[in-house]
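Undergrad: Encoded as structure tokens, here's the structure I'll be asking about.
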Amino acid sequence: MPLSSETVSLPGSGLVFQNSYSSLVTDAYRGAVLQAENFLQSHFVNTATISVKFDFQPLGGDTVANNAYFIYRYDYATVRAALINHATTPDDMIAVAGLPVVDPSGGVGFAMTGGEAQALGLRGPSGSPDDIDLVLSSSEPWTFGSDAVATFEHELTEGAFGRVEDLGISASHFSPFDLFRFTATGQRDFTGGRDGVQTYFGLDAAHVSGFALHNAISPGGLNDGGDFGDWDFTVNDAFGRGGAGIPANVSATDLQVLDVLGWTPRAAAGPTTGNDLITGASGGGDTIDALAGADTINAGGPGSNYLRGNDGDDSIVGGSGFDDI
């Protein structure tokens, strides 16, 4: 007997999942789904209702999961204005300030998922029973721990949140995530690898991360079929390559990607790059990341805080209580 359909919400977030399950979905599978959805709800507050149909079937080759979703088309001016109007964090401000004025798609246009369109205020809920069809491979020996949770986070952030790149190559349109694909020297690169140059996620030309995006196209023009919006060369990251028995988590850079795509974090911790002074709230319970530059990071007060610096000369000061530094 199939599991009952359910509505999944979390206090403090406007993000709602309406789940339905095939008869092959187990209780352990459902538990991993709920962990993934609650994690995303715990980090983002946008009002969006997304219906997801979950299945558990053998998938061919080395595919561990896949998802199919509806898309909605917009011209570049609409996409650019929506990203600008919904910029709420310092990273957003950097990202939208660097957006091209001229349509980089050359008039082909952009497409986005229903979830991202809702987050950006471009449409309401679809009313469809399956905004996303998500299939987890039953051929894999899942533990239904962080291996499955991370896989669901991977698939949901594609089909719901818009963490996909098309580049006018995998489909006859561009996607908003394409706008944040840069070479190491800060040039936008929409070739998908045909030029032989590695590309990375970046906010703008001056803020390029070390997270390499997948180049599916070889210099000879062969397409390996991989997703342009996935990480290359990462280990144990939910937005990279995972699978059964491979523990993985959502990283600070993963959350940064979703932020610049229009998803509003519960709290903006402050700029994540540069010479920043970042102080948490007085009550504790803060997660504060500084990714690059000479940063001063202070816990705002007593409580359990997670404070992390990265590249650069960082000064990190915990408050009284249990701080993970």
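Note on naming: chains are A, B, ... as they come in the structure tokens, residues start from 1 per chain, ligands start from 1 in the order shown.
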Each residue of region 96-119 of chain A with at least one atom at most 9 Å from region 242-262 of chain A should appear once, together with its nearest atom pair and the corresponding distance in Å (one decimal); atoms considered: only C-alpha atoms; ordering: chain, then increasing residue number; output as a Markdown table.

TA:
| residue | atom | partner | partner_atom | distance |
| --- | --- | --- | --- | --- |
| A:Val96 | CA | A:Val260 | CA | 8.3 |
| A:Glu116 | CA | A:Gly262 | CA | 7.0 |
| A:Ala117 | CA | A:Gly262 | CA | 8.9 |
| A:Ala119 | CA | A:Gly262 | CA | 6.2 |

Undergrad: Store the residues picked out above in a file with all heavy atoms, as an mmCIF file, in the first residue's frame.

TA:
data_model
loop_
_atom_site.group_PDB
_atom_site.id
_atom_site.type_symbol
_atom_site.label_atom_id
_atom_site.label_comp_id
_atom_site.auth_asym_id
_atom_site.auth_seq_id
_atom_site.Cartn_x
_atom_site.Cartn_y
_atom_site.Cartn_z
ATOM 1 N N VAL A 96 23.922 40.882 -8.438
ATOM 2 C CA VAL A 96 23.053 41.618 -9.358
ATOM 3 C C VAL A 96 23.757 42.847 -9.921
ATOM 4 O O VAL A 96 23.459 43.283 -11.054
ATOM 5 C CB VAL A 96 21.715 41.995 -8.701
ATOM 6 C CG1 VAL A 96 20.973 40.743 -8.266
ATOM 7 C CG2 VAL A 96 21.890 42.962 -7.535
ATOM 8 N N GLU A 116 11.531 28.331 -8.590
ATOM 9 C CA GLU A 116 12.319 29.557 -8.662
ATOM 10 C C GLU A 116 11.459 30.724 -9.127
ATOM 11 O O GLU A 116 11.606 31.860 -8.634
ATOM 12 C CB GLU A 116 13.526 29.381 -9.581
ATOM 13 C CG GLU A 116 14.443 30.589 -9.558
ATOM 14 C CD GLU A 116 15.675 30.461 -10.439
ATOM 15 O OE1 GLU A 116 15.717 29.558 -11.284
ATOM 16 O OE2 GLU A 116 16.596 31.285 -10.284
ATOM 17 N N ALA A 117 10.551 30.480 -10.073
ATOM 18 C CA ALA A 117 9.661 31.545 -10.535
ATOM 19 C C ALA A 117 8.794 32.066 -9.394
ATOM 20 O O ALA A 117 8.533 33.271 -9.285
ATOM 21 C CB ALA A 117 8.797 31.038 -11.684
ATOM 22 N N ALA A 119 9.703 31.933 -6.148
ATOM 23 C CA ALA A 119 10.618 32.629 -5.243
ATOM 24 C C ALA A 119 10.911 34.039 -5.729
ATOM 25 O O ALA A 119 11.093 34.959 -4.925
ATOM 26 C CB ALA A 119 11.917 31.837 -5.096
#

Undergrad: What are the DSSP strand (DSSP E or B) residues of region 98-261 of chain A, as a PyMOL selection string?

TA: chain A and resi 110-113+132-137+174+181-183+188+199-204+207-213+217+223+231-232+237+249

Undergrad: DSSP on the backbone: what in region 8-213 of chain A comes out helix (DSSP H, G or I), as a PyMOL selection string?

TA: chain A and resi 27-43+76-85+90-97+114-119+146-159+176-180

Undergrad: Residues of region 157-228 of chain A within 12 Å of region 27-40 of chain A: nearest atom pair and distance (Å, one decimal) for each, counting only C-alpha atoms, sorted by chain and number, as a Markdown table?

TA:
| residue | atom | partner | partner_atom | distance |
| --- | --- | --- | --- | --- |
| A:Thr157 | CA | A:Leu40 | CA | 8.8 |
| A:Ala160 | CA | A:Leu40 | CA | 10.8 |
| A:Phe161 | CA | A:Leu40 | CA | 9.9 |

Undergrad: Neighbours of Gly12 (chain A) within 9 Å (only C-alpha atoms; same-chain residues fewer than 5 positions away dropped), as a ChimeraX atom specification?

TA: /A:41-42,44-45,266

Undergrad: Which residues come within 8 Å of Ile217 (chain A), counting only C-alpha atoms, excluding same-chain residues fewer than 5 positions away, as JSON, numbers by chain?

TA: {"A": [191, 192, 193, 194, 222, 223, 224]}

Undergrad: Produce a file of the selected residues containing all heavy atoms, as a PDB file, in the first residue's frame.

TA:
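Final file, out_3.pdb:
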ATOM      1  N   THR A 191      30.262  28.270 -23.064  1.00  0.00           N
ATOM      2  CA  THR A 191      30.571  27.243 -24.064  1.00  0.00           C
ATOM      3  C   THR A 191      30.366  25.828 -23.543  1.00  0.00           C
ATOM      4  O   THR A 191      30.362  24.878 -24.333  1.00  0.00           O
ATOM      5  CB  THR A 191      32.027  27.367 -24.557  1.00  0.00           C
ATOM      6  OG1 THR A 191      32.923  27.021 -23.485  1.00  0.00           O
ATOM      7  CG2 THR A 191      32.325  28.784 -25.040  1.00  0.00           C
ATOM      8  N   GLY A 192      30.232  25.661 -22.239  1.00  0.00           N
ATOM      9  CA  GLY A 192      30.035  24.336 -21.678  1.00  0.00           C
ATOM     10  C   GLY A 192      31.246  23.439 -21.734  1.00  0.00           C
ATOM     11  O   GLY A 192      31.150  22.241 -21.486  1.00  0.00           O
ATOM     12  N   GLY A 193      32.416  24.021 -22.050  1.00  0.00           N
ATOM     13  CA  GLY A 193      33.649  23.253 -22.117  1.00  0.00           C
ATOM     14  C   GLY A 193      34.241  23.154 -23.501  1.00  0.00           C
ATOM     15  O   GLY A 193      35.377  22.703 -23.666  1.00  0.00           O
ATOM     16  N   ARG A 194      33.504  23.574 -24.502  1.00  0.00           N
ATOM     17  CA  ARG A 194      34.006  23.460 -25.883  1.00  0.00           C
ATOM     18  C   ARG A 194      35.301  24.235 -26.081  1.00  0.00           C
ATOM     19  O   ARG A 194      36.148  23.860 -26.900  1.00  0.00           O
ATOM     20  CB  ARG A 194      32.950  23.941 -26.876  1.00  0.00           C
ATOM     21  CG  ARG A 194      33.348  23.740 -28.339  1.00  0.00           C
ATOM     22  CD  ARG A 194      32.295  24.311 -29.285  1.00  0.00           C
ATOM     23  NE  ARG A 194      31.083  23.528 -29.268  1.00  0.00           N
ATOM     24  CZ  ARG A 194      30.855  22.480 -30.054  1.00  0.00           C
ATOM     25  NH1 ARG A 194      31.789  22.082 -30.910  1.00  0.00           N
ATOM     26  NH2 ARG A 194      29.721  21.835 -30.000  1.00  0.00           N
ATOM     27  N   LEU A 222      32.026  16.708 -28.258  1.00  0.00           N
ATOM     28  CA  LEU A 222      31.286  15.581 -27.693  1.00  0.00           C
ATOM     29  C   LEU A 222      30.646  15.977 -26.372  1.00  0.00           C
ATOM     30  O   LEU A 222      31.259  16.670 -25.555  1.00  0.00           O
ATOM     31  CB  LEU A 222      32.218  14.386 -27.485  1.00  0.00           C
ATOM     32  CG  LEU A 222      32.850  13.789 -28.747  1.00  0.00           C
ATOM     33  CD1 LEU A 222      33.794  12.644 -28.380  1.00  0.00           C
ATOM     34  CD2 LEU A 222      31.769  13.302 -29.712  1.00  0.00           C
ATOM     35  N   ASN A 223      29.418  15.518 -26.156  1.00  0.00           N
ATOM     36  CA  ASN A 223      28.669  15.836 -24.945  1.00  0.00           C
ATOM     37  C   ASN A 223      28.600  14.580 -24.075  1.00  0.00           C
ATOM     38  O   ASN A 223      28.095  13.543 -24.510  1.00  0.00           O
ATOM     39  CB  ASN A 223      27.258  16.293 -25.312  1.00  0.00           C
ATOM     40  CG  ASN A 223      26.482  16.848 -24.126  1.00  0.00           C
ATOM     41  OD1 ASN A 223      26.734  16.488 -22.978  1.00  0.00           O
ATOM     42  ND2 ASN A 223      25.532  17.721 -24.397  1.00  0.00           N
ATOM     43  N   ASP A 224      29.113  14.668 -22.829  1.00  0.00           N
ATOM     44  CA  ASP A 224      29.111  13.488 -21.969  1.00  0.00           C
ATOM     45  C   ASP A 224      27.780  13.274 -21.257  1.00  0.00           C
ATOM     46  O   ASP A 224      27.597  12.299 -20.527  1.00  0.00           O
ATOM     47  CB  ASP A 224      30.262  13.541 -20.955  1.00  0.00           C
ATOM     48  CG  ASP A 224      30.109  14.652 -19.916  1.00  0.00           C
ATOM     49  OD1 ASP A 224      29.015  15.230 -19.768  1.00  0.00           O
ATOM     50  OD2 ASP A 224      31.117  14.936 -19.229  1.00  0.00           O
TER      51      ASP A 224
END

Undergrad: Just the number, please: distance in Å from CA of Leu83 (chain A) to CA of Phe190 (chain A), one decimal.

TA: 19.5 Å

Undergrad: Taking into account only C-alpha atoms, which residue in the set A:Gln18, A:Ala184, A:Val164, A:Asp195 is nearest to Trp231 (chain A)?

TA: A:Val164
